[in-house]
file start32.pdb (PDB, C-alpha atoms)
ATOM      1  CA  MET A   1       0.000   0.000   0.000
ATOM      2  CA  ASN A   2       1.184   3.536  -0.725
ATOM      3  CA  THR A   3       2.735   4.802   2.522
ATOM      4  CA  GLN A   4       1.095   8.228   2.223
ATOM      5  CA  LEU A   5      -2.274   6.552   1.735
ATOM      6  CA  GLN A   6      -1.625   4.476   4.839
ATOM      7  CA  VAL A   7      -1.005   7.674   6.836
ATOM      8  CA  LEU A   8      -4.155   9.257   5.362
ATOM      9  CA  ILE A   9      -6.246   6.224   6.345
ATOM     10  CA  ALA A  10      -4.862   6.318   9.891
ATOM     11  CA  LEU A  11      -5.656  10.043   9.990
ATOM     12  CA  GLN A  12      -9.192   9.468   8.789
ATOM     13  CA  ASP A  13      -9.710   6.861  11.519
ATOM     14  CA  ILE A  14      -8.482   9.392  14.118
ATOM     15  CA  LEU A  15     -10.715  12.144  12.690
ATOM     16  CA  LEU A  16     -13.644   9.759  13.053
ATOM     17  CA  LEU A  17     -12.708   9.033  16.675
ATOM     18  CA  ILE A  18     -12.445  12.772  17.373
ATOM     19  CA  ARG A  19     -15.838  13.372  15.782
ATOM     20  CA  ASP A  20     -17.414  10.539  17.787
ATOM     21  CA  SER A  21     -15.858  11.735  21.035
ATOM     22  CA  LYS A  22     -17.257  15.227  20.470
ATOM     23  CA  ASP A  23     -20.741  13.958  19.665
ATOM     24  CA  PRO A  24     -22.743  14.205  22.931
ATOM     25  CA  SER A  25     -25.259  11.506  21.988
ATOM     26  CA  ARG A  26     -22.525   9.133  20.907
ATOM     27  CA  LYS A  27     -20.590   9.797  24.099
ATOM     28  CA  LYS A  28     -23.739   9.152  26.126
ATOM     29  CA  GLN A  29     -24.433   5.868  24.301
ATOM     30  CA  GLU A  30     -20.878   4.617  24.813
ATOM     31  CA  GLY A  31     -20.961   5.781  28.451
ATOM     32  CA  ARG A  32     -24.151   3.790  29.010
ATOM     33  CA  ILE A  33     -22.342   0.654  27.835
ATOM     34  CA  GLY A  34     -19.495   1.421  30.246
ATOM     35  CA  PHE A  35     -16.851   3.028  28.027
ATOM     36  CA  LYS A  36     -14.908   6.142  28.898
ATOM     37  CA  MET A  37     -14.173   8.719  26.196
ATOM     38  CA  SER A  38     -12.310  11.411  28.027
ATOM     39  CA  ASN A  39      -8.716  11.908  26.933
ATOM     40  CA  LEU A  40      -9.287  13.910  23.761
ATOM     41  CA  LYS A  41      -5.749  15.281  23.899
ATOM     42  CA  SER A  42      -4.302  11.851  23.074
ATOM     43  CA  LEU A  43      -6.317  11.866  19.849
ATOM     44  CA  GLU A  44      -5.200  15.354  18.903
ATOM     45  CA  ASP A  45      -1.577  14.390  19.575
ATOM     46  CA  ALA A  46      -1.950  11.307  17.393
ATOM     47  CA  GLN A  47      -3.493  13.461  14.658
ATOM     48  CA  LEU A  48      -0.620  15.950  14.753
ATOM     49  CA  GLY A  49       1.968  13.166  14.717
ATOM     50  CA  LEU A  50       0.417  11.656  11.605
ATOM     51  CA  GLU A  51      -0.018  15.002   9.830
ATOM     52  CA  GLU A  52       3.721  15.573  10.211
ATOM     53  CA  GLN A  53       4.331  12.411   8.184
ATOM     54  CA  LEU A  54       2.500  13.747   5.122
ATOM     55  CA  ASP A  55       4.355  15.228   2.164
ATOM     56  CA  PRO A  56       3.750  19.015   1.954
ATOM     57  CA  ASP A  57       1.649  18.754  -1.254
ATOM     58  CA  ILE A  58      -0.501  15.974   0.142
ATOM     59  CA  LEU A  59      -0.855  17.829   3.449
ATOM     60  CA  LYS A  60      -2.231  20.812   1.519
ATOM     61  CA  GLN A  61      -4.791  18.619  -0.261
ATOM     62  CA  TYR A  62      -5.594  16.852   3.002
ATOM     63  CA  ASN A  63      -6.290  20.157   4.777
ATOM     64  CA  ARG A  64      -8.533  21.276   1.926
ATOM     65  CA  MET A  65     -10.510  18.009   2.007
ATOM     66  CA  LYS A  66     -10.753  18.024   5.784
ATOM     67  CA  GLN A  67     -12.100  21.565   5.806
ATOM     68  CA  ARG A  68     -14.569  20.859   3.039
ATOM     69  CA  TYR A  69     -15.873  17.405   3.985
ATOM     70  CA  GLY A  70     -14.506  16.662   7.455
ATOM     71  CA  ARG A  71     -12.890  13.546   5.982
ATOM     72  CA  VAL A  72     -10.227  12.905   3.421
ATOM     73  CA  VAL A  73     -10.277   9.303   2.220
ATOM     74  CA  ALA A  74     -13.238   7.633   0.568
ATOM     75  CA  PRO A  75     -13.556   3.850   0.546
ATOM     76  CA  VAL A  76     -14.182   2.301  -2.856
ATOM     77  CA  ILE A  77     -16.781  -0.414  -2.600
ATOM     78  CA  ASN A  78     -17.975  -2.266  -5.682
ATOM     79  CA  ALA A  79     -16.257   0.327  -7.907
ATOM     80  CA  VAL A  80     -18.174   3.192  -6.297
ATOM     81  CA  CYS A  81     -16.526   6.083  -4.440
ATOM     82  CA  HIS A  82     -18.242   6.210  -1.051
ATOM     83  CA  GLY A  83     -17.386   9.887  -0.729
ATOM     84  CA  CYS A  84     -19.739  10.998  -3.498
ATOM     85  CA  PHE A  85     -21.296   7.699  -4.711
ATOM     86  CA  VAL A  86     -20.038   8.144  -8.251
ATOM     87  CA  THR A  87     -18.678   5.140 -10.154
ATOM     88  CA  ILE A  88     -14.904   5.124 -10.505
ATOM     89  CA  PRO A  89     -13.722   5.031 -14.151
ATOM     90  CA  SER A  90     -12.723   1.489 -15.071
ATOM     91  CA  ALA A  91      -9.232   2.655 -16.107
ATOM     92  CA  ILE A  92      -8.584   3.613 -12.484
ATOM     93  CA  HIS A  93     -10.628   0.868 -10.850
ATOM     94  CA  GLY A  94      -8.890  -1.792 -12.895
ATOM     95  CA  ALA A  95      -5.401  -0.294 -12.626
ATOM     96  CA  GLU A  96      -2.838  -2.770 -11.343
ATOM     97  CA  ASP A  97      -1.076  -0.081  -9.332
ATOM     98  CA  ARG A  98      -4.222   1.236  -7.654
ATOM     99  CA  ASP A  99      -2.918   0.314  -4.192
ATOM    100  CA  LYS A 100       0.573   1.573  -4.866
ATOM    101  CA  LYS A 101      -0.296   5.005  -6.261
ATOM    102  CA  LEU A 102      -2.329   7.714  -4.646
ATOM    103  CA  TYR A 103      -5.562   8.213  -6.588
ATOM    104  CA  ARG A 104      -8.204  10.850  -6.021
ATOM    105  CA  CYS A 105     -11.840  10.704  -7.031
ATOM    106  CA  GLU A 106     -12.346  12.715 -10.201
ATOM    107  CA  ASN A 107     -15.703  13.915  -8.874
ATOM    108  CA  CYS A 108     -15.254  14.773  -5.179
ATOM    109  CA  GLY A 109     -11.466  14.900  -5.003
ATOM    110  CA  MET A 110     -11.149  12.572  -2.023
ATOM    111  CA  PHE A 111      -8.257  10.138  -1.815
ATOM    112  CA  LEU A 112      -9.396   6.660  -2.772
ATOM    113  CA  TYR A 113      -8.926   3.460  -0.826
ATOM    114  CA  TRP A 114      -9.934   0.092  -2.226
ATOM    115  CA  VAL A 115     -11.321  -1.802   0.745
ATOM    116  CA  GLU A 116      -9.726  -5.265   0.853
ATOM    117  CA  GLU A 117     -12.754  -7.024   2.143
ATOM    118  CA  GLN A 118     -15.904  -6.075   0.301
ATOM    119  CA  PRO A 119     -19.089  -5.904   2.367
ATOM    120  CA  ILE A 120     -21.683  -8.631   2.080
ATOM    121  CA  LEU A 121     -24.646  -7.268   0.153
ATOM    122  CA  ARG A 122     -27.924  -7.934   1.890
TER     123      ARG A 122
ATOM    124  CA  MET B   1     -29.830  -8.726  16.382
ATOM    125  CA  ASN B   2     -28.221 -11.639  18.217
ATOM    126  CA  LEU B   3     -24.549 -11.563  19.094
ATOM    127  CA  SER B   4     -24.248 -15.279  18.352
ATOM    128  CA  ASP B   5     -25.209 -14.576  14.726
ATOM    129  CA  THR B   6     -22.125 -12.402  14.277
ATOM    130  CA  LEU B   7     -19.703 -14.986  15.708
ATOM    131  CA  LEU B   8     -17.701 -17.497  13.691
ATOM    132  CA  PRO B   9     -15.768 -20.389  15.307
ATOM    133  CA  LYS B  10     -12.583 -19.452  13.454
ATOM    134  CA  LYS B  11     -12.778 -15.954  14.925
ATOM    135  CA  ILE B  12     -12.670 -17.253  18.491
ATOM    136  CA  ASN B  13      -9.403 -17.932  20.306
ATOM    137  CA  LEU B  14      -9.836 -19.636  23.675
ATOM    138  CA  ASN B  15      -6.157 -19.559  24.495
ATOM    139  CA  LEU B  16      -4.715 -16.088  24.039
ATOM    140  CA  LYS B  17      -0.981 -15.887  24.630
ATOM    141  CA  ALA B  18      -0.769 -12.099  25.068
ATOM    142  CA  LYS B  19       0.519 -10.642  28.299
ATOM    143  CA  THR B  20      -0.158  -6.945  27.726
ATOM    144  CA  LYS B  21      -3.018  -4.848  26.402
ATOM    145  CA  GLU B  22      -1.059  -4.053  23.226
ATOM    146  CA  GLN B  23      -0.336  -7.733  22.614
ATOM    147  CA  VAL B  24      -3.990  -8.700  23.139
ATOM    148  CA  ILE B  25      -5.122  -6.188  20.554
ATOM    149  CA  GLU B  26      -2.456  -7.341  18.104
ATOM    150  CA  GLU B  27      -3.391 -10.989  18.627
ATOM    151  CA  LEU B  28      -7.087 -10.304  18.100
ATOM    152  CA  VAL B  29      -6.504  -8.121  15.024
ATOM    153  CA  LYS B  30      -4.329 -10.838  13.469
ATOM    154  CA  MET B  31      -7.348 -13.129  13.473
ATOM    155  CA  LEU B  32      -9.076 -10.814  10.980
ATOM    156  CA  ARG B  33      -6.538 -11.850   8.321
ATOM    157  CA  LEU B  34      -5.984  -8.413   6.823
ATOM    158  CA  SER B  35      -2.923  -7.292   4.875
ATOM    159  CA  ALA B  36      -0.005  -6.045   6.986
ATOM    160  CA  PRO B  37      -0.637  -2.307   6.296
ATOM    161  CA  ALA B  38      -4.360  -2.665   7.064
ATOM    162  CA  ARG B  39      -3.581  -4.670  10.188
ATOM    163  CA  ASN B  40      -1.091  -2.069  11.422
ATOM    164  CA  THR B  41      -3.507   0.797  10.777
ATOM    165  CA  LEU B  42      -6.338  -0.963  12.586
ATOM    166  CA  THR B  43      -4.113  -1.859  15.569
ATOM    167  CA  ALA B  44      -2.923   1.755  15.818
ATOM    168  CA  THR B  45      -6.514   3.066  15.734
ATOM    169  CA  LEU B  46      -7.603   0.607  18.425
ATOM    170  CA  LEU B  47      -4.681   1.596  20.651
ATOM    171  CA  THR B  48      -5.436   5.285  20.117
ATOM    172  CA  ARG B  49      -9.027   4.554  21.161
ATOM    173  CA  GLU B  50      -7.657   2.889  24.293
ATOM    174  CA  ASP B  51      -5.569   5.995  25.064
ATOM    175  CA  MET B  52      -8.760   8.015  25.078
ATOM    176  CA  GLY B  53     -10.271   5.782  27.747
ATOM    177  CA  SER B  54      -9.943   2.084  28.475
ATOM    178  CA  THR B  55     -12.523  -0.261  26.982
ATOM    179  CA  GLY B  56     -12.040  -2.581  29.933
ATOM    180  CA  VAL B  57     -15.553  -2.461  31.363
ATOM    181  CA  GLY B  58     -14.717  -4.407  34.508
ATOM    182  CA  HIS B  59     -15.649  -7.911  35.715
ATOM    183  CA  GLY B  60     -12.793  -9.314  33.614
ATOM    184  CA  ILE B  61     -14.257  -8.066  30.340
ATOM    185  CA  ALA B  62     -12.761  -5.795  27.709
ATOM    186  CA  ILE B  63     -14.374  -4.722  24.458
ATOM    187  CA  PRO B  64     -11.736  -3.013  22.308
ATOM    188  CA  HIS B  65     -13.550  -1.337  19.435
ATOM    189  CA  CYS B  66     -13.335   1.278  16.729
ATOM    190  CA  ARG B  67     -14.572   2.163  13.279
ATOM    191  CA  SER B  68     -11.922   1.966  10.605
ATOM    192  CA  LEU B  69     -11.699   2.538   6.911
ATOM    193  CA  VAL B  70      -9.736  -0.674   6.424
ATOM    194  CA  LEU B  71     -12.829  -2.814   6.942
ATOM    195  CA  GLY B  72     -15.648  -3.556   4.575
ATOM    196  CA  ARG B  73     -18.097  -4.862   7.166
ATOM    197  CA  LEU B  74     -18.642  -5.241  10.867
ATOM    198  CA  ARG B  75     -16.450  -7.925  12.420
ATOM    199  CA  VAL B  76     -16.354  -9.476  15.876
ATOM    200  CA  VAL B  77     -13.446 -11.497  17.268
ATOM    201  CA  VAL B  78     -13.477 -13.176  20.676
ATOM    202  CA  GLY B  79     -10.501 -14.082  22.829
ATOM    203  CA  LEU B  80     -10.069 -15.702  26.207
ATOM    204  CA  SER B  81      -6.938 -15.367  28.310
ATOM    205  CA  LYS B  82      -6.708 -17.886  31.123
ATOM    206  CA  ALA B  83      -4.191 -15.853  33.138
ATOM    207  CA  GLY B  84      -5.810 -12.506  32.390
ATOM    208  CA  VAL B  85      -4.136  -9.340  31.172
ATOM    209  CA  PRO B  86      -3.642  -5.986  32.934
ATOM    210  CA  TYR B  87      -5.965  -3.764  30.921
ATOM    211  CA  ARG B  88      -6.457  -0.580  32.965
ATOM    212  CA  SER B  89     -10.090  -1.609  33.393
ATOM    213  CA  ILE B  90     -12.452   0.525  35.455
ATOM    214  CA  ASP B  91     -12.320  -1.936  38.380
ATOM    215  CA  ARG B  92      -8.525  -2.361  37.920
ATOM    216  CA  LYS B  93      -8.940  -6.120  37.626
ATOM    217  CA  ARG B  94      -7.235  -8.149  34.914
ATOM    218  CA  ALA B  95      -9.291  -8.693  31.778
ATOM    219  CA  LYS B  96      -9.806 -12.278  30.654
ATOM    220  CA  LEU B  97     -12.586 -12.177  28.122
ATOM    221  CA  PHE B  98     -12.137  -9.978  25.063
ATOM    222  CA  PHE B  99     -14.564  -8.988  22.338
ATOM    223  CA  LEU B 100     -12.966  -7.064  19.508
ATOM    224  CA  VAL B 101     -15.567  -5.115  17.541
ATOM    225  CA  VAL B 102     -14.570  -3.271  14.400
ATOM    226  CA  ALA B 103     -16.755  -1.696  11.775
ATOM    227  CA  PRO B 104     -16.387   0.404   8.652
ATOM    228  CA  PRO B 105     -17.296   4.110   8.808
ATOM    229  CA  VAL B 106     -19.809   3.626   5.994
ATOM    230  CA  GLY B 107     -23.095   1.824   6.440
ATOM    231  CA  ASP B 108     -25.475   1.825   9.356
ATOM    232  CA  PRO B 109     -23.665   3.312  12.414
ATOM    233  CA  SER B 110     -26.425   2.132  14.743
ATOM    234  CA  GLU B 111     -25.623  -1.514  13.922
ATOM    235  CA  TYR B 112     -22.185  -1.009  15.461
ATOM    236  CA  LEU B 113     -23.588   0.514  18.648
ATOM    237  CA  ILE B 114     -26.256  -2.165  18.906
ATOM    238  CA  VAL B 115     -23.592  -4.885  18.685
ATOM    239  CA  LEU B 116     -21.451  -3.116  21.308
ATOM    240  CA  GLY B 117     -24.406  -2.845  23.673
ATOM    241  CA  ARG B 118     -25.408  -6.443  23.069
ATOM    242  CA  ILE B 119     -21.867  -7.659  23.762
ATOM    243  CA  ALA B 120     -21.635  -5.684  27.008
ATOM    244  CA  GLN B 121     -24.936  -7.228  28.107
ATOM    245  CA  VAL B 122     -24.078 -10.822  27.173
ATOM    246  CA  ALA B 123     -20.421 -10.643  28.282
ATOM    247  CA  ARG B 124     -21.400  -9.792  31.860
ATOM    248  CA  LYS B 125     -23.749 -12.796  32.003
ATOM    249  CA  LEU B 126     -21.134 -14.959  30.339
ATOM    250  CA  TYR B 127     -18.373 -14.009  32.733
ATOM    251  CA  LYS B 128     -20.529 -14.908  35.746
ATOM    252  CA  ASP B 129     -21.558 -18.233  34.213
ATOM    253  CA  ARG B 130     -19.587 -21.155  35.656
ATOM    254  CA  ARG B 131     -19.858 -23.022  32.361
ATOM    255  CA  LEU B 132     -17.396 -20.570  30.777
ATOM    256  CA  SER B 133     -14.431 -22.235  32.533
ATOM    257  CA  LYS B 134     -15.453 -25.595  31.067
ATOM    258  CA  ILE B 135     -15.632 -24.401  27.472
ATOM    259  CA  LYS B 136     -13.233 -26.352  25.273
ATOM    260  CA  THR B 137     -14.178 -25.340  21.732
ATOM    261  CA  PRO B 138     -15.330 -22.157  19.970
ATOM    262  CA  GLU B 139     -18.571 -23.930  18.990
ATOM    263  CA  GLN B 140     -19.350 -24.567  22.658
ATOM    264  CA  LEU B 141     -18.815 -20.871  23.402
ATOM    265  CA  ILE B 142     -21.198 -19.848  20.615
ATOM    266  CA  ASP B 143     -23.806 -22.311  21.948
ATOM    267  CA  LEU B 144     -23.453 -20.887  25.456
ATOM    268  CA  ILE B 145     -23.839 -17.315  24.164
ATOM    269  CA  LYS B 146     -26.904 -18.426  22.196
ATOM    270  CA  GLU B 147     -28.403 -19.823  25.375
ATOM    271  CA  LEU B 148     -27.655 -16.667  27.377
ATOM    272  CA  GLU B 149     -29.258 -14.550  24.680
ATOM    273  CA  LYS B 150     -32.567 -16.407  24.895
TER     274      LYS B 150
END
call {"tool": "encode", "arguments": {"input": "start32.pdb", "output": "structure tokens"}}
result
Amino acid sequence: MNTQLQVLIALQDILLLIRDSKDPSRKKQEGRIGFKMSNLKSLEDAQLGLEEQLDPDILKQYNRMKQRYGRVVAPVINAVCHGCFVTIPSAIHGAEDRDKKLYRCENCGMFLYWVEEQPILR
Amino acid sequence: MNLSDTLLPKKINLNLKAKTKEQVIEELVKMLRLSAPARNTLTATLLTREDMGSTGVGHGIAIPHCRSLVLGRLRVVVGLSKAGVPYRSIDRKRAKLFFLVVAPPVGDPSEYLIVLGRIAQVARKLYKDRRLSKIKTPEQLIDLIKELEK
């Protein structure tokens, strides 16, 4: 996997954790189960540490995406970008180097990640 | 939704070798059979979640969980450590029974919370049940969970 994409995925996971920890209803639901969600600083530190690993150009694009959508990487499931739900062109979807290169959705601009394990359609 | 419906025998390890929280999470994540980069990312996210607040809910139970982009669907992995592992649980007791719950950020977010709630409910009953110490196979554990869910 492209190392920059790996950092972006880790960042997106952290952004999701930050969003969940700031959501009062989510926090309440997790608290009811017995989970603590208190040390937000550890998440922000992890976020900063990962952002430092991004190349300057990618960091710029990442900041733009984050500001615009609140997330930066869109999973590709069944050839569809799950950032904007537009089908990925077959030239990109079928590219052999799709996991090695950093691709962005031509429609929404998000970085694309081909999920290894496709969901079971119900 | 029943917890037993989400469990698969090959995703249950009744003899965890891990001695630390980090090792438990790594051992459980390995059972998902992801690529090395995906596995590393998921482990890091789970450990970051633990830094925010332990998922050791006491009574010997821990439910490490997170949502991660590396997954395509909700997955549950179960592990049992006979010796127990220091897990910084709320009651400061060692955790012995682990339920790893991971889900993708897309899809129905309530499904993930429902599964977490269901696990917390069943795990407490399970931990108190004397039959747990006699379990020898993953299939027996699933059958016991099925019974407790009735």
call {"tool": "resolve_selection", "arguments": {"input": "start32.pdb", "expression": "the PyMOL selection byres ((chain A and resi 47) around 10)", "output": "PyMOL selection string"}}
result
chain A and resi 10-15+18+41-46+48-52
call {"tool": "write_last_selection", "arguments": {"input": "start32.pdb", "atoms": "C-alpha atoms", "output": "tab-separated table (two decimals), keeping the file's coordinate frame"}}
result
chain	number	residue	atom	x	y	z
A	10	ALA	CA	-4.86	6.32	9.89
A	11	LEU	CA	-5.66	10.04	9.99
A	12	GLN	CA	-9.19	9.47	8.79
A	13	ASP	CA	-9.71	6.86	11.52
A	14	ILE	CA	-8.48	9.39	14.12
A	15	LEU	CA	-10.72	12.14	12.69
A	18	ILE	CA	-12.44	12.77	17.37
A	41	LYS	CA	-5.75	15.28	23.90
A	42	SER	CA	-4.30	11.85	23.07
A	43	LEU	CA	-6.32	11.87	19.85
A	44	GLU	CA	-5.20	15.35	18.90
A	45	ASP	CA	-1.58	14.39	19.58
A	46	ALA	CA	-1.95	11.31	17.39
A	48	LEU	CA	-0.62	15.95	14.75
A	49	GLY	CA	1.97	13.17	14.72
A	50	LEU	CA	0.42	11.66	11.60
A	51	GLU	CA	-0.02	15.00	9.83
A	52	GLU	CA	3.72	15.57	10.21
call {"tool": "closest_residue", "arguments": {"input": "start32.pdb", "among": "A:Ala74, A:Asp57, A:Leu17, A:Tyr113", "to": "His93 in chain A", "atoms": "all atoms listed in the file"}}
result
A:Tyr113
call {"tool": "closest_atom_pairs", "arguments": {"input": "start32.pdb", "of": "chain B", "to": "chain A", "cutoff": "9 Å", "atoms": "only C-alpha atoms", "output": "Markdown table"}}
result
| residue | atom | partner | partner_atom | distance |
| --- | --- | --- | --- | --- |
| B:Leu34 | CA | A:Glu116 | CA | 7.7 |
| B:Ser35 | CA | A:Glu116 | CA | 8.2 |
| B:Pro37 | CA | A:Met1 | CA | 6.7 |
| B:Ala38 | CA | A:Gln6 | CA | 8.0 |
| B:Thr41 | CA | A:Ala10 | CA | 5.8 |
| B:Leu42 | CA | A:Ala10 | CA | 7.9 |
| B:Ala44 | CA | A:Ala10 | CA | 7.7 |
| B:Thr45 | CA | A:Asp13 | CA | 6.5 |
| B:Thr48 | CA | A:Leu43 | CA | 6.6 |
| B:Arg49 | CA | A:Leu17 | CA | 7.3 |
| B:Glu50 | CA | A:Met37 | CA | 8.9 |
| B:Asp51 | CA | A:Ser42 | CA | 6.3 |
| B:Met52 | CA | A:Asn39 | CA | 4.3 |
| B:Gly53 | CA | A:Lys36 | CA | 4.8 |
| B:Ser54 | CA | A:Lys36 | CA | 6.4 |
| B:Thr55 | CA | A:Phe35 | CA | 5.5 |
| B:Gly56 | CA | A:Phe35 | CA | 7.6 |
| B:Val57 | CA | A:Gly34 | CA | 5.6 |
| B:Gly58 | CA | A:Gly34 | CA | 8.7 |
| B:Ile63 | CA | A:Phe35 | CA | 8.9 |
| B:Cys66 | CA | A:Leu17 | CA | 7.8 |
| B:Arg67 | CA | A:Asp13 | CA | 7.0 |
| B:Ser68 | CA | A:Asp13 | CA | 5.4 |
| B:Leu69 | CA | A:Ile9 | CA | 6.6 |
| B:Val70 | CA | A:Val115 | CA | 6.0 |
| B:Leu71 | CA | A:Glu117 | CA | 6.4 |
| B:Gly72 | CA | A:Pro119 | CA | 4.7 |
| B:Arg73 | CA | A:Pro119 | CA | 5.0 |
| B:Leu74 | CA | A:Pro119 | CA | 8.5 |
| B:Ile90 | CA | A:Gly34 | CA | 8.8 |
| B:Pro105 | CA | A:Leu16 | CA | 8.0 |
| B:Val106 | CA | A:His82 | CA | 7.7 |
| B:Leu113 | CA | A:Gln29 | CA | 7.8 |
| B:Leu116 | CA | A:Ile33 | CA | 7.6 |
| B:Gly117 | CA | A:Ile33 | CA | 5.8 |
| B:Ala120 | CA | A:Ile33 | CA | 6.4 |
| B:Gln121 | CA | A:Ile33 | CA | 8.3 |
call {"tool": "resolve_selection", "arguments": {"input": "start32.pdb", "expression": "the PyMOL selection byres ((chain B and resi 76) around 8)", "output": "ChimeraX atom specification"}}
result
/B:6-7,11,74-75,77-78,99-102
call {"tool": "resolve_selection", "arguments": {"input": "start32.pdb", "expression": "the PyMOL selection byres ((chain B and resi 22) around 10)", "output": "NGL selection string"}}
result
:B and (18-21 or 23-27 or 43-44 or 46-47 or 50 or 87)
